[in-house]
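Shown here: start_25.txt, compact mmCIF, C-alpha atoms (C1' of nucleotides).
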```txt
# COMPACT_ATOMS: atom_id res chain seq x y z
CA MET X 6 55.76 -26.01 0.56
CA GLY X 7 58.48 -26.25 -2.03
CA VAL X 8 59.67 -22.78 -1.08
CA SER X 9 63.10 -22.66 0.45
CA LYS X 10 63.15 -20.32 3.44
CA THR X 11 66.08 -18.41 2.01
CA GLU X 12 65.50 -15.39 4.22
CA PHE X 13 66.50 -17.41 7.28
CA PHE X 14 69.91 -18.30 5.91
CA THR X 15 73.02 -16.24 5.26
CA GLU X 16 73.86 -14.71 1.91
CA GLU X 17 76.81 -17.10 1.60
CA GLN X 18 74.69 -20.15 2.38
CA ASN X 19 72.13 -19.17 -0.24
CA GLN X 20 74.82 -18.37 -2.80
CA MET X 21 76.67 -21.65 -2.37
CA ALA X 22 73.40 -23.62 -2.41
CA SER X 23 72.32 -22.00 -5.69
CA LEU X 24 75.78 -22.56 -7.17
CA PHE X 25 75.55 -26.27 -6.38
CA LYS X 26 71.98 -26.38 -7.64
CA SER X 27 73.20 -25.13 -11.01
CA ILE X 28 75.41 -28.21 -11.37
CA SER X 29 72.98 -30.68 -9.80
CA HIS X 30 71.62 -32.06 -13.06
CA PRO X 31 73.35 -34.69 -15.24
CA ALA X 32 72.73 -32.66 -18.41
CA ARG X 33 74.55 -29.69 -16.90
CA ILE X 34 77.40 -31.93 -15.72
CA ALA X 35 77.54 -33.29 -19.27
CA ILE X 36 77.72 -29.76 -20.68
CA ILE X 37 80.62 -28.93 -18.36
CA GLN X 38 82.44 -32.12 -19.33
CA TYR X 39 81.88 -31.46 -23.01
CA LEU X 40 83.26 -27.95 -22.71
CA LEU X 41 86.31 -29.44 -20.99
CA SER X 42 86.76 -32.15 -23.61
CA VAL X 43 87.17 -29.82 -26.56
CA ASP X 44 90.22 -27.71 -27.22
CA SER X 45 88.68 -24.29 -26.92
CA CYS X 46 85.31 -22.65 -26.56
CA ILE X 47 82.51 -24.23 -28.48
CA CYS X 48 80.39 -22.38 -30.98
CA GLY X 49 77.23 -24.33 -31.59
CA ASP X 50 76.81 -28.11 -31.55
CA ILE X 51 76.24 -28.46 -27.83
CA VAL X 52 72.67 -29.37 -28.70
CA ASN X 53 73.87 -32.29 -30.86
CA GLU X 54 76.03 -33.59 -28.04
CA LEU X 55 73.15 -34.03 -25.61
CA PRO X 56 70.23 -36.48 -25.68
CA LEU X 57 67.76 -33.64 -25.14
CA ALA X 58 65.70 -31.35 -27.35
CA GLN X 59 67.04 -27.92 -28.28
CA PRO X 60 64.78 -25.90 -25.95
CA THR X 61 65.78 -28.12 -23.04
CA VAL X 62 69.48 -27.68 -23.73
CA SER X 63 68.97 -23.95 -24.10
CA GLN X 64 67.30 -23.91 -20.70
CA HIS X 65 70.18 -25.79 -19.06
CA LEU X 66 72.70 -23.46 -20.69
CA LYS X 67 70.76 -20.50 -19.34
CA GLU X 68 70.94 -21.87 -15.82
CA LEU X 69 74.67 -22.43 -16.09
CA LYS X 70 75.05 -18.90 -17.41
CA ASN X 71 72.96 -17.42 -14.60
CA ALA X 72 75.15 -19.20 -12.08
CA ASN X 73 78.26 -17.89 -13.87
CA ILE X 74 79.50 -21.44 -14.41
CA ILE X 75 79.82 -20.74 -18.13
CA LYS X 76 80.27 -17.62 -20.24
CA GLY X 77 78.72 -17.15 -23.65
CA THR X 78 79.80 -14.70 -26.32
CA ILE X 79 77.98 -14.12 -29.56
CA GLU X 80 79.93 -15.24 -32.64
CA GLY X 81 77.82 -14.35 -35.62
CA THR X 82 74.88 -16.75 -35.79
CA ALA X 83 76.27 -19.05 -33.12
CA ILE X 84 77.13 -18.49 -29.48
CA CYS X 85 80.53 -19.43 -28.13
CA TYR X 86 80.44 -21.02 -24.70
CA CYS X 87 83.24 -21.72 -22.28
CA LEU X 88 83.69 -22.39 -18.58
CA ASN X 89 84.16 -19.50 -16.18
CA GLN X 90 87.34 -20.28 -14.28
CA ASP X 91 86.53 -17.73 -11.57
CA THR X 92 83.37 -19.58 -10.51
CA ILE X 93 85.12 -22.95 -10.58
CA ALA X 94 87.70 -21.37 -8.27
CA VAL X 95 84.97 -20.17 -5.89
CA ILE X 96 83.70 -23.74 -5.49
CA GLN X 97 87.20 -25.10 -5.07
CA ASP X 98 88.03 -22.53 -2.43
CA TYR X 99 84.86 -23.42 -0.56
CA PHE X 100 85.93 -27.06 -0.36
CA LYS X 101 89.49 -26.12 0.51
CA GLY X 102 88.05 -24.28 3.50
CA ILE X 103 85.99 -27.29 4.49
CA THR X 104 88.97 -29.63 4.24
CA LYS X 105 91.07 -27.27 6.34
CA GLN X 106 88.42 -27.13 9.05
CA LEU X 107 88.03 -30.90 8.92
CA GLN X 108 91.66 -31.57 9.76
CA ASN X 109 91.14 -31.21 13.53
CA LYS X 110 88.04 -33.39 13.67
CA CYS X 111 87.53 -36.73 15.29
CA CYS X 112 85.72 -38.56 12.51
CA MET R 23 58.23 -33.35 -17.31
CA GLY R 24 60.16 -32.97 -14.09
CA VAL R 25 61.82 -36.33 -14.75
CA SER R 26 65.51 -36.17 -15.41
CA LYS R 27 66.47 -38.46 -18.27
CA THR R 28 69.11 -40.13 -16.17
CA GLU R 29 69.30 -43.18 -18.43
CA PHE R 30 70.83 -41.06 -21.19
CA PHE R 31 73.76 -39.91 -19.07
CA THR R 32 76.75 -41.77 -17.68
CA GLU R 33 76.88 -43.25 -14.20
CA GLU R 34 79.47 -40.65 -13.21
CA GLN R 35 77.40 -37.77 -14.52
CA ASN R 36 74.37 -38.95 -12.57
CA GLN R 37 76.40 -39.57 -9.43
CA MET R 38 78.07 -36.16 -9.44
CA ALA R 39 74.75 -34.45 -10.19
CA SER R 40 73.04 -36.15 -7.27
CA LEU R 41 76.00 -35.36 -5.00
CA PHE R 42 75.69 -31.66 -5.87
CA LYS R 43 71.92 -31.84 -5.49
CA SER R 44 72.39 -33.03 -1.93
CA ILE R 45 74.22 -29.80 -1.07
CA SER R 46 72.05 -27.50 -3.20
CA HIS R 47 69.86 -26.24 -0.36
CA PRO R 48 70.82 -23.51 2.15
CA ALA R 49 69.62 -25.61 5.09
CA ARG R 50 71.96 -28.42 4.09
CA ILE R 51 74.84 -25.98 3.60
CA ALA R 52 74.03 -24.64 7.08
CA ILE R 53 74.13 -28.16 8.52
CA ILE R 54 77.55 -28.76 6.96
CA GLN R 55 78.84 -25.45 8.30
CA TYR R 56 77.47 -26.18 11.76
CA LEU R 57 79.15 -29.59 11.83
CA LEU R 58 82.40 -27.86 10.88
CA SER R 59 82.01 -25.14 13.51
CA VAL R 60 81.91 -27.49 16.48
CA ASP R 61 84.88 -29.40 17.83
CA SER R 62 83.67 -32.92 17.23
CA CYS R 63 80.63 -34.81 16.10
CA ILE R 64 77.34 -33.45 17.28
CA CYS R 65 74.85 -35.48 19.23
CA GLY R 66 71.50 -33.77 19.04
CA ASP R 67 70.79 -30.01 18.88
CA ILE R 68 71.10 -29.66 15.11
CA VAL R 69 67.37 -29.01 15.11
CA ASN R 70 67.80 -26.04 17.47
CA GLU R 71 70.48 -24.56 15.21
CA LEU R 72 68.22 -24.30 12.18
CA PRO R 73 65.19 -22.09 11.52
CA LEU R 74 63.14 -25.07 10.43
CA ALA R 75 60.80 -27.54 12.10
CA GLN R 76 62.14 -30.87 13.36
CA PRO R 77 60.63 -33.03 10.58
CA THR R 78 62.12 -30.72 7.96
CA VAL R 79 65.58 -30.89 9.53
CA SER R 80 65.27 -34.66 9.80
CA GLN R 81 64.44 -34.78 6.09
CA HIS R 82 67.49 -32.68 5.17
CA LEU R 83 69.74 -34.83 7.37
CA LYS R 84 68.39 -37.91 5.62
CA GLU R 85 69.30 -36.49 2.22
CA LEU R 86 72.82 -35.66 3.39
CA LYS R 87 73.13 -39.18 4.79
CA ASN R 88 71.86 -40.77 1.57
CA ALA R 89 74.46 -38.80 -0.37
CA ASN R 90 77.16 -39.89 2.11
CA ILE R 91 77.95 -36.27 2.92
CA ILE R 92 77.42 -36.98 6.61
CA LYS R 93 77.61 -40.08 8.79
CA GLY R 94 75.30 -40.69 11.74
CA THR R 95 75.89 -43.11 14.60
CA ILE R 96 73.39 -43.83 17.33
CA GLU R 97 74.48 -42.60 20.77
CA GLY R 98 71.78 -43.67 23.20
CA THR R 99 68.77 -41.44 22.65
CA ALA R 100 70.57 -39.05 20.34
CA ILE R 101 72.30 -39.53 17.01
CA CYS R 102 75.84 -38.36 16.50
CA TYR R 103 76.46 -36.73 13.13
CA CYS R 104 79.69 -35.78 11.45
CA LEU R 105 80.93 -35.06 7.95
CA ASN R 106 82.19 -37.89 5.75
CA GLN R 107 85.66 -36.84 4.67
CA ASP R 108 85.72 -39.41 1.87
CA THR R 109 82.78 -37.81 0.07
CA ILE R 110 84.19 -34.31 0.52
CA ALA R 111 87.36 -35.68 -1.09
CA VAL R 112 85.38 -37.04 -4.03
CA ILE R 113 83.97 -33.58 -4.76
CA GLN R 114 87.36 -31.96 -4.34
CA ASP R 115 88.99 -34.44 -6.69
CA TYR R 116 86.30 -33.75 -9.26
CA PHE R 117 87.12 -30.05 -9.24
CA LYS R 118 90.84 -30.73 -9.23
CA GLY R 119 90.29 -32.64 -12.46
CA ILE R 120 88.31 -29.77 -13.94
CA THR R 121 90.97 -27.23 -13.02
CA LYS R 122 93.67 -29.42 -14.52
CA GLN R 123 91.76 -29.73 -17.80
CA LEU R 124 91.07 -26.00 -17.79
CA GLN R 125 94.74 -25.04 -17.78
CA ASN R 126 95.13 -25.44 -21.53
CA LYS R 127 92.02 -23.47 -22.40
CA CYS R 128 91.67 -20.13 -24.10
CA CYS R 129 89.07 -18.50 -21.84
C1' DT E 24 54.50 -49.37 34.09
C1' DT E 25 54.23 -44.35 32.42
C1' DA E 26 56.75 -40.19 31.27
C1' DT E 27 60.22 -37.94 28.71
C1' DT E 28 63.36 -36.99 25.03
C1' DA E 29 65.24 -37.45 20.39
C1' DT E 30 64.59 -38.62 15.86
C1' DA E 31 61.91 -40.67 11.88
C1' DT E 32 57.96 -41.28 8.92
C1' DC E 33 53.40 -40.18 6.89
C1' DG E 34 50.40 -37.28 4.50
C1' DT E 35 49.64 -33.32 2.13
C1' DA E 36 49.74 -28.45 0.33
C1' DA E 37 52.56 -25.07 -2.03
C1' DT E 38 56.00 -24.35 -5.14
C1' DA E 39 59.97 -25.66 -8.27
C1' DT E 40 62.07 -28.34 -11.89
C1' DT E 41 62.28 -30.85 -16.15
C1' DG E 42 61.25 -31.55 -20.89
C1' DC E 43 59.44 -30.36 -25.17
C1' DA E 44 56.29 -28.64 -29.03
C1' DA E 45 55.34 -24.42 -30.89
C1' DT E 46 56.87 -20.15 -31.79
C1' DA E 47 59.89 -16.08 -31.68
C1' DT E 48 64.14 -13.75 -32.46
C1' DA E 49 68.39 -12.59 -34.64
C1' DA E 50 72.10 -13.04 -37.77
C1' DT E 51 73.66 -14.18 -42.18
C1' DA E 52 73.03 -16.15 -47.10
C1' DA E 53 70.86 -16.31 -51.48
C1' DT W 19 63.35 -9.33 -50.24
C1' DT W 20 63.00 -14.43 -48.72
C1' DA W 21 65.42 -18.47 -47.00
C1' DT W 22 68.30 -20.57 -43.71
C1' DT W 23 70.51 -21.43 -39.43
C1' DA W 24 71.23 -20.97 -34.44
C1' DT W 25 69.47 -19.93 -30.20
C1' DA W 26 65.78 -18.14 -26.96
C1' DT W 27 61.17 -17.85 -25.09
C1' DT W 28 56.42 -19.31 -24.13
C1' DG W 29 53.15 -22.44 -22.37
C1' DC W 30 52.09 -26.47 -20.31
C1' DA W 31 52.03 -31.35 -18.45
C1' DA W 32 54.50 -34.56 -15.50
C1' DT W 33 57.14 -35.04 -11.68
C1' DA W 34 60.18 -33.49 -7.73
C1' DT W 35 61.17 -30.71 -3.76
C1' DT W 36 60.21 -28.25 0.40
C1' DA W 37 57.96 -27.62 4.67
C1' DC W 38 55.40 -29.00 8.50
C1' DG W 39 51.52 -30.97 11.56
C1' DA W 40 50.44 -35.28 13.19
C1' DT W 41 52.02 -39.38 14.50
C1' DA W 42 55.28 -43.23 15.18
C1' DT W 43 59.38 -45.23 17.00
C1' DA W 44 63.04 -46.03 20.16
C1' DA W 45 65.85 -45.27 24.07
C1' DT W 46 66.20 -43.94 28.70
C1' DA W 47 64.22 -41.95 33.26
C1' DA W 48 61.04 -41.90 36.97
```
Can the structure from this file be put into structure tokens for me?
Amino acid sequence: MGVSKTEFFTEEQNQMASLFKSISHPARIAIIQYLLSVDSCICGDIVNELPLAQPTVSQHLKELKNANIIKGTIEGTAICYCLNQDTIAVIQDYFKGITKQLQNKCC
Amino acid sequence: MGVSKTEFFTEEQNQMASLFKSISHPARIAIIQYLLSVDSCICGDIVNELPLAQPTVSQHLKELKNANIIKGTIEGTAICYCLNQDTIAVIQDYFKGITKQLQNKCC
DNA sequence: TTATTATATCGTAATATTGCAATATAATAA
DNA sequence: TTATTATATTGCAATATTACGATATAATAA
């Protein structure tokens, strides 16, 4: 149906799935990489860095913000975006846990 | 349009995005967690562990296989699934790189 | 051979995502 | 005040995803 049966899964399973969904698009990966490539937070010009129209970029930024992957603070006319280290850490910890559990496996 | 403009992004950006897409559904997170929770590879009974019909589970397993998140080997009538440590490592390395780049940031 | 069991594929309906033109909003500049 | 500039929102078309009943396939059991 296109509807995920979220109610049948745990809170953690739904949270991790939606976190991964937020970074499951090349434009959003590109935004993350661009934020990493510059010295500090970026005010403006993310739109010019991507091969997409302004409303589309705005939409992708909104999704990254909703997932707490990036933080945005208003700087006059522009908005200053940067990565949210806490959320990156959440993902990393999740995979650390997986790797730890995998150590005793046969495969 | 619902079509990602993949041709405008790098190979790596598209690859990482599709890797994250493969784990962006709670059922697929649940499959990963179930594979981790048992001692070894699992032959059969993944269907019984999930609140979804057999064709739906089969479809999710296929997506995880296509993304190389899991490996499946035929064991008589059943199929034996386990996680692919190499792909888990790819994701972990990606976030290690991000964390490293983040160390010199202001936010 | 005919069950039985496990998994895959097909077809399709419901819903979600992507992308963008048009427009709105919000802050500052002239 | 009226620009200008930066970002957000709306509305919609094209496409993708999710879920599952029906059916197919493939291996073994009786």
(message) Can you tell me which residues surround X:Gly77 at a distance of at most 10 Å, considering only C-alpha atoms (C1' of nucleotides), apart from same-chain residues fewer than 2 positions away, and format the answer as a list in words?
(response)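 Neighbouring residues, sequence-local ones excluded: Cys46, Ile47, Cys48, Leu66, Lys67, Lys70, Asn73, Ile75, Ile79, Glu80, Ala83, Ile84, Cys85, Tyr86, Cys87, Leu88 and Asn89 of chain X.
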(request) Could you check how far atom C1' of E:DT46 sits from atom CA of R:Ser26, in Å to one decimal? (result)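 Answer for the atom C1' of E:DT46 to atom CA of R:Ser26 separation: 24.5 Å.
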(message) Would you pick out the contacts of R:Phe42 at 7 Å or less, using only C-alpha atoms (C1' of nucleotides), so that residues sharing its chain but fewer than 3 positions from it are not included, and give the list as a ChimeraX atom specification?
(response) /X:25-26,28-29 /R:38-39,45-46
Export of prior selection with C-alpha atoms as an mmCIF file, in the coordinates of the input:
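New file result.cif:
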```cif
data_model
loop_
_atom_site.group_PDB
_atom_site.id
_atom_site.type_symbol
_atom_site.label_atom_id
_atom_site.label_comp_id
_atom_site.auth_asym_id
_atom_site.auth_seq_id
_atom_site.Cartn_x
_atom_site.Cartn_y
_atom_site.Cartn_z
ATOM 1 C CA PHE X 25 75.550 -26.270 -6.380
ATOM 2 C CA LYS X 26 71.980 -26.380 -7.640
ATOM 3 C CA ILE X 28 75.410 -28.210 -11.370
ATOM 4 C CA SER X 29 72.980 -30.680 -9.800
ATOM 5 C CA MET R 38 78.070 -36.160 -9.440
ATOM 6 C CA ALA R 39 74.750 -34.450 -10.190
ATOM 7 C CA ILE R 45 74.220 -29.800 -1.070
ATOM 8 C CA SER R 46 72.050 -27.500 -3.200
#
```
(request) Would you mind listing what lies within 9 Å of X:Phe14 as a PyMOL selection string, with all atoms listed in the file counted and same-chain residues fewer than 3 positions away left out? (result) (chain X and resi 10-11+17-19) or (chain R and resi 48-49+52+72-73)
Selection from above, C-alpha atoms, as a PDB file, keeping the file's coordinate frame, can you write it?
```
ATOM      1  CA  LYS X  10      63.150 -20.320   3.440  1.00  0.00           C
ATOM      2  CA  THR X  11      66.080 -18.410   2.010  1.00  0.00           C
ATOM      3  CA  GLU X  17      76.810 -17.100   1.600  1.00  0.00           C
ATOM      4  CA  GLN X  18      74.690 -20.150   2.380  1.00  0.00           C
ATOM      5  CA  ASN X  19      72.130 -19.170  -0.240  1.00  0.00           C
TER       6      ASN X  19
ATOM      7  CA  PRO R  48      70.820 -23.510   2.150  1.00  0.00           C
ATOM      8  CA  ALA R  49      69.620 -25.610   5.090  1.00  0.00           C
ATOM      9  CA  ALA R  52      74.030 -24.640   7.080  1.00  0.00           C
ATOM     10  CA  LEU R  72      68.220 -24.300  12.180  1.00  0.00           C
ATOM     11  CA  PRO R  73      65.190 -22.090  11.520  1.00  0.00           C
TER      12      PRO R  73
END
```
Per residue of chain W within 9 Å of chain R, record the nearest atom pair and its distance in Å to one decimal, counting all atoms listed in the file, with rows in chain order and ascending residue number, as JSON lines.
```
{"residue": "W:DA31", "atom": "C1'", "partner": "R:Met23", "partner_atom": "CA", "distance": 6.6}
{"residue": "W:DA32", "atom": "C1'", "partner": "R:Met23", "partner_atom": "CA", "distance": 4.3}
{"residue": "W:DT33", "atom": "C1'", "partner": "R:Gly24", "partner_atom": "CA", "distance": 4.4}
{"residue": "W:DA34", "atom": "C1'", "partner": "R:Gly24", "partner_atom": "CA", "distance": 6.4}
{"residue": "W:DT36", "atom": "C1'", "partner": "R:Thr78", "partner_atom": "CA", "distance": 8.2}
{"residue": "W:DA37", "atom": "C1'", "partner": "R:Thr78", "partner_atom": "CA", "distance": 6.1}
{"residue": "W:DC38", "atom": "C1'", "partner": "R:Ala75", "partner_atom": "CA", "distance": 6.7}
{"residue": "W:DA44", "atom": "C1'", "partner": "R:Thr99", "partner_atom": "CA", "distance": 7.8}
{"residue": "W:DA45", "atom": "C1'", "partner": "R:Thr99", "partner_atom": "CA", "distance": 5.0}
{"residue": "W:DT46", "atom": "C1'", "partner": "R:Thr99", "partner_atom": "CA", "distance": 7.0}
```
May I have the selected residues written with C-alpha atoms (C1' of nucleotides), as a CSV table (one decimal), in the frame of the given file?
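Output file out.csv is given in full below:
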```csv
chain,number,residue,atom,x,y,z
W,31,DA,C1',52.0,-31.4,-18.4
W,32,DA,C1',54.5,-34.6,-15.5
W,33,DT,C1',57.1,-35.0,-11.7
W,34,DA,C1',60.2,-33.5,-7.7
W,36,DT,C1',60.2,-28.2,0.4
W,37,DA,C1',58.0,-27.6,4.7
W,38,DC,C1',55.4,-29.0,8.5
W,44,DA,C1',63.0,-46.0,20.2
W,45,DA,C1',65.8,-45.3,24.1
W,46,DT,C1',66.2,-43.9,28.7
```
Chain fit, chain X moved to chain R over all Cα pairs in order, as a short mmCIF file (atom, residue, chain, number, x, y, z; two decimals) with C-alpha atoms, in the frame of the given file:
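File written: part_22.cif
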```cif
data_model
loop_
_atom_site.label_atom_id
_atom_site.label_comp_id
_atom_site.auth_asym_id
_atom_site.auth_seq_id
_atom_site.Cartn_x
_atom_site.Cartn_y
_atom_site.Cartn_z
CA MET X 6 58.19 -33.34 -17.31
CA GLY X 7 60.19 -32.92 -14.14
CA VAL X 8 61.83 -36.28 -14.76
CA SER X 9 65.52 -36.14 -15.42
CA LYS X 10 66.46 -38.44 -18.30
CA THR X 11 69.09 -40.14 -16.19
CA GLU X 12 69.28 -43.17 -18.45
CA PHE X 13 70.83 -41.05 -21.21
CA PHE X 14 73.74 -39.93 -19.07
CA THR X 15 76.75 -41.76 -17.68
CA GLU X 16 76.88 -43.25 -14.22
CA GLU X 17 79.49 -40.65 -13.23
CA GLN X 18 77.39 -37.76 -14.52
CA ASN X 19 74.36 -38.95 -12.58
CA GLN X 20 76.42 -39.58 -9.44
CA MET X 21 78.07 -36.16 -9.45
CA ALA X 22 74.75 -34.44 -10.20
CA SER X 23 73.04 -36.17 -7.26
CA LEU X 24 76.00 -35.37 -5.01
CA PHE X 25 75.69 -31.68 -5.86
CA LYS X 26 71.92 -31.85 -5.49
CA SER X 27 72.39 -33.03 -1.91
CA ILE X 28 74.22 -29.80 -1.06
CA SER X 29 72.06 -27.50 -3.19
CA HIS X 30 69.86 -26.26 -0.35
CA PRO X 31 70.82 -23.53 2.15
CA ALA X 32 69.62 -25.63 5.10
CA ARG X 33 71.96 -28.44 4.09
CA ILE X 34 74.84 -25.99 3.61
CA ALA X 35 74.03 -24.65 7.08
CA ILE X 36 74.13 -28.17 8.52
CA ILE X 37 77.55 -28.77 6.96
CA GLN X 38 78.85 -25.46 8.31
CA TYR X 39 77.48 -26.19 11.76
CA LEU X 40 79.15 -29.59 11.82
CA LEU X 41 82.40 -27.86 10.86
CA SER X 42 82.01 -25.15 13.49
CA VAL X 43 81.88 -27.47 16.48
CA ASP X 44 84.83 -29.36 17.86
CA SER X 45 83.67 -32.88 17.23
CA CYS X 46 80.61 -34.76 16.09
CA ILE X 47 77.32 -33.41 17.28
CA CYS X 48 74.81 -35.43 19.22
CA GLY X 49 71.46 -33.73 19.04
CA ASP X 50 70.78 -29.99 18.87
CA ILE X 51 71.09 -29.65 15.12
CA VAL X 52 67.36 -29.01 15.11
CA ASN X 53 67.79 -26.03 17.47
CA GLU X 54 70.46 -24.55 15.23
CA LEU X 55 68.21 -24.30 12.18
CA PRO X 56 65.19 -22.08 11.54
CA LEU X 57 63.13 -25.09 10.45
CA ALA X 58 60.78 -27.54 12.12
CA GLN X 59 62.11 -30.87 13.37
CA PRO X 60 60.63 -33.03 10.59
CA THR X 61 62.13 -30.72 7.98
CA VAL X 62 65.58 -30.89 9.54
CA SER X 63 65.27 -34.65 9.81
CA GLN X 64 64.47 -34.78 6.11
CA HIS X 65 67.51 -32.68 5.18
CA LEU X 66 69.73 -34.83 7.39
CA LYS X 67 68.39 -37.91 5.64
CA GLU X 68 69.30 -36.50 2.25
CA LEU X 69 72.81 -35.67 3.39
CA LYS X 70 73.13 -39.17 4.80
CA ASN X 71 71.88 -40.77 1.58
CA ALA X 72 74.47 -38.81 -0.36
CA ASN X 73 77.15 -39.91 2.13
CA ILE X 74 77.96 -36.28 2.92
CA ILE X 75 77.44 -36.99 6.62
CA LYS X 76 77.60 -40.09 8.80
CA GLY X 77 75.33 -40.70 11.74
CA THR X 78 75.92 -43.09 14.62
CA ILE X 79 73.43 -43.84 17.33
CA GLU X 80 74.50 -42.60 20.78
CA GLY X 81 71.82 -43.68 23.18
CA THR X 82 68.75 -41.50 22.63
CA ALA X 83 70.56 -39.08 20.34
CA ILE X 84 72.30 -39.54 17.02
CA CYS X 85 75.84 -38.34 16.51
CA TYR X 86 76.46 -36.73 13.14
CA CYS X 87 79.69 -35.80 11.45
CA LEU X 88 80.96 -35.06 7.96
CA ASN X 89 82.20 -37.89 5.76
CA GLN X 90 85.67 -36.85 4.67
CA ASP X 91 85.72 -39.43 1.87
CA THR X 92 82.77 -37.81 0.07
CA ILE X 93 84.20 -34.32 0.52
CA ALA X 94 87.37 -35.68 -1.09
CA VAL X 95 85.38 -37.06 -4.04
CA ILE X 96 83.98 -33.59 -4.76
CA GLN X 97 87.37 -31.97 -4.35
CA ASP X 98 88.99 -34.45 -6.70
CA TYR X 99 86.30 -33.78 -9.27
CA PHE X 100 87.11 -30.06 -9.24
CA LYS X 101 90.84 -30.73 -9.23
CA GLY X 102 90.29 -32.64 -12.47
CA ILE X 103 88.31 -29.78 -13.94
CA THR X 104 90.96 -27.23 -13.01
CA LYS X 105 93.67 -29.41 -14.53
CA GLN X 106 91.76 -29.72 -17.79
CA LEU X 107 91.07 -25.99 -17.79
CA GLN X 108 94.73 -25.05 -17.75
CA ASN X 109 95.15 -25.41 -21.53
CA LYS X 110 92.02 -23.46 -22.42
CA CYS X 111 91.67 -20.15 -24.14
CA CYS X 112 89.12 -18.49 -21.89
#
```
(request) Between X:Thr15, X:Gln20, X:Gln108, X:Ser27, single out the one closest to chain E, counting all atoms listed in the file. (result) X:Ser27
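Atom to atom, atom CA of X:Ile74 and atom CA of R:Leu86 stand 23.7 Å apart.
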(request) Within 12 Å of chain R, which residues of chain E are there when counting all atoms listed in the file? Please give them as JSON, numbers by chain. (result) {"E": [27, 28, 29, 30, 31, 32, 33, 39, 40, 41, 42, 43]}
Generate the output file for the selected residues, C-alpha atoms (C1' of nucleotides), as a tab-separated table (two decimals), in the coordinates of the input.
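Dumped to out23.tsv:
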```tsv
chain	number	residue	atom	x	y	z
E	27	DT	C1'	60.22	-37.94	28.71
E	28	DT	C1'	63.36	-36.99	25.03
E	29	DA	C1'	65.24	-37.45	20.39
E	30	DT	C1'	64.59	-38.62	15.86
E	31	DA	C1'	61.91	-40.67	11.88
E	32	DT	C1'	57.96	-41.28	8.92
E	33	DC	C1'	53.40	-40.18	6.89
E	39	DA	C1'	59.97	-25.66	-8.27
E	40	DT	C1'	62.07	-28.34	-11.89
E	41	DT	C1'	62.28	-30.85	-16.15
E	42	DG	C1'	61.25	-31.55	-20.89
E	43	DC	C1'	59.44	-30.36	-25.17
```
(request) Using atom CA of R:Glu85 and atom CA of X:Ile103 as the two end points, give the distance in Å to one decimal. (result)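 Those two atoms sit 19.2 Å apart.
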(request) Place a sphere of radius 10 Å on (49.9, -35.9, 13.3) in the file coordinates and name every protein, DNA or RNA residue with an atom inside or on its surface, counting only C-alpha atoms (C1' of nucleotides); give the answer as a PyMOL selection string. (result) (chain E and resi 33-34) or (chain W and resi 39-42)
(request) Identify, on the basis of all atoms listed in the file, every residue whose closest approach to R:Ser59 does not exceed 10 Å; exclude the query and any residue fewer than 6 positions from it along the same chain; express the result as a list in words. (result)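 After dropping sequence-adjacent residues, the list is Gln106 and Leu107 of chain X; Ile53 of chain R.
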(message) So, with all atoms listed in the file as the atoms that count, which of X:Ile51, X:Glu16, X:Ile34, X:Asp91 lies closest to chain R?
(response) X:Ile34
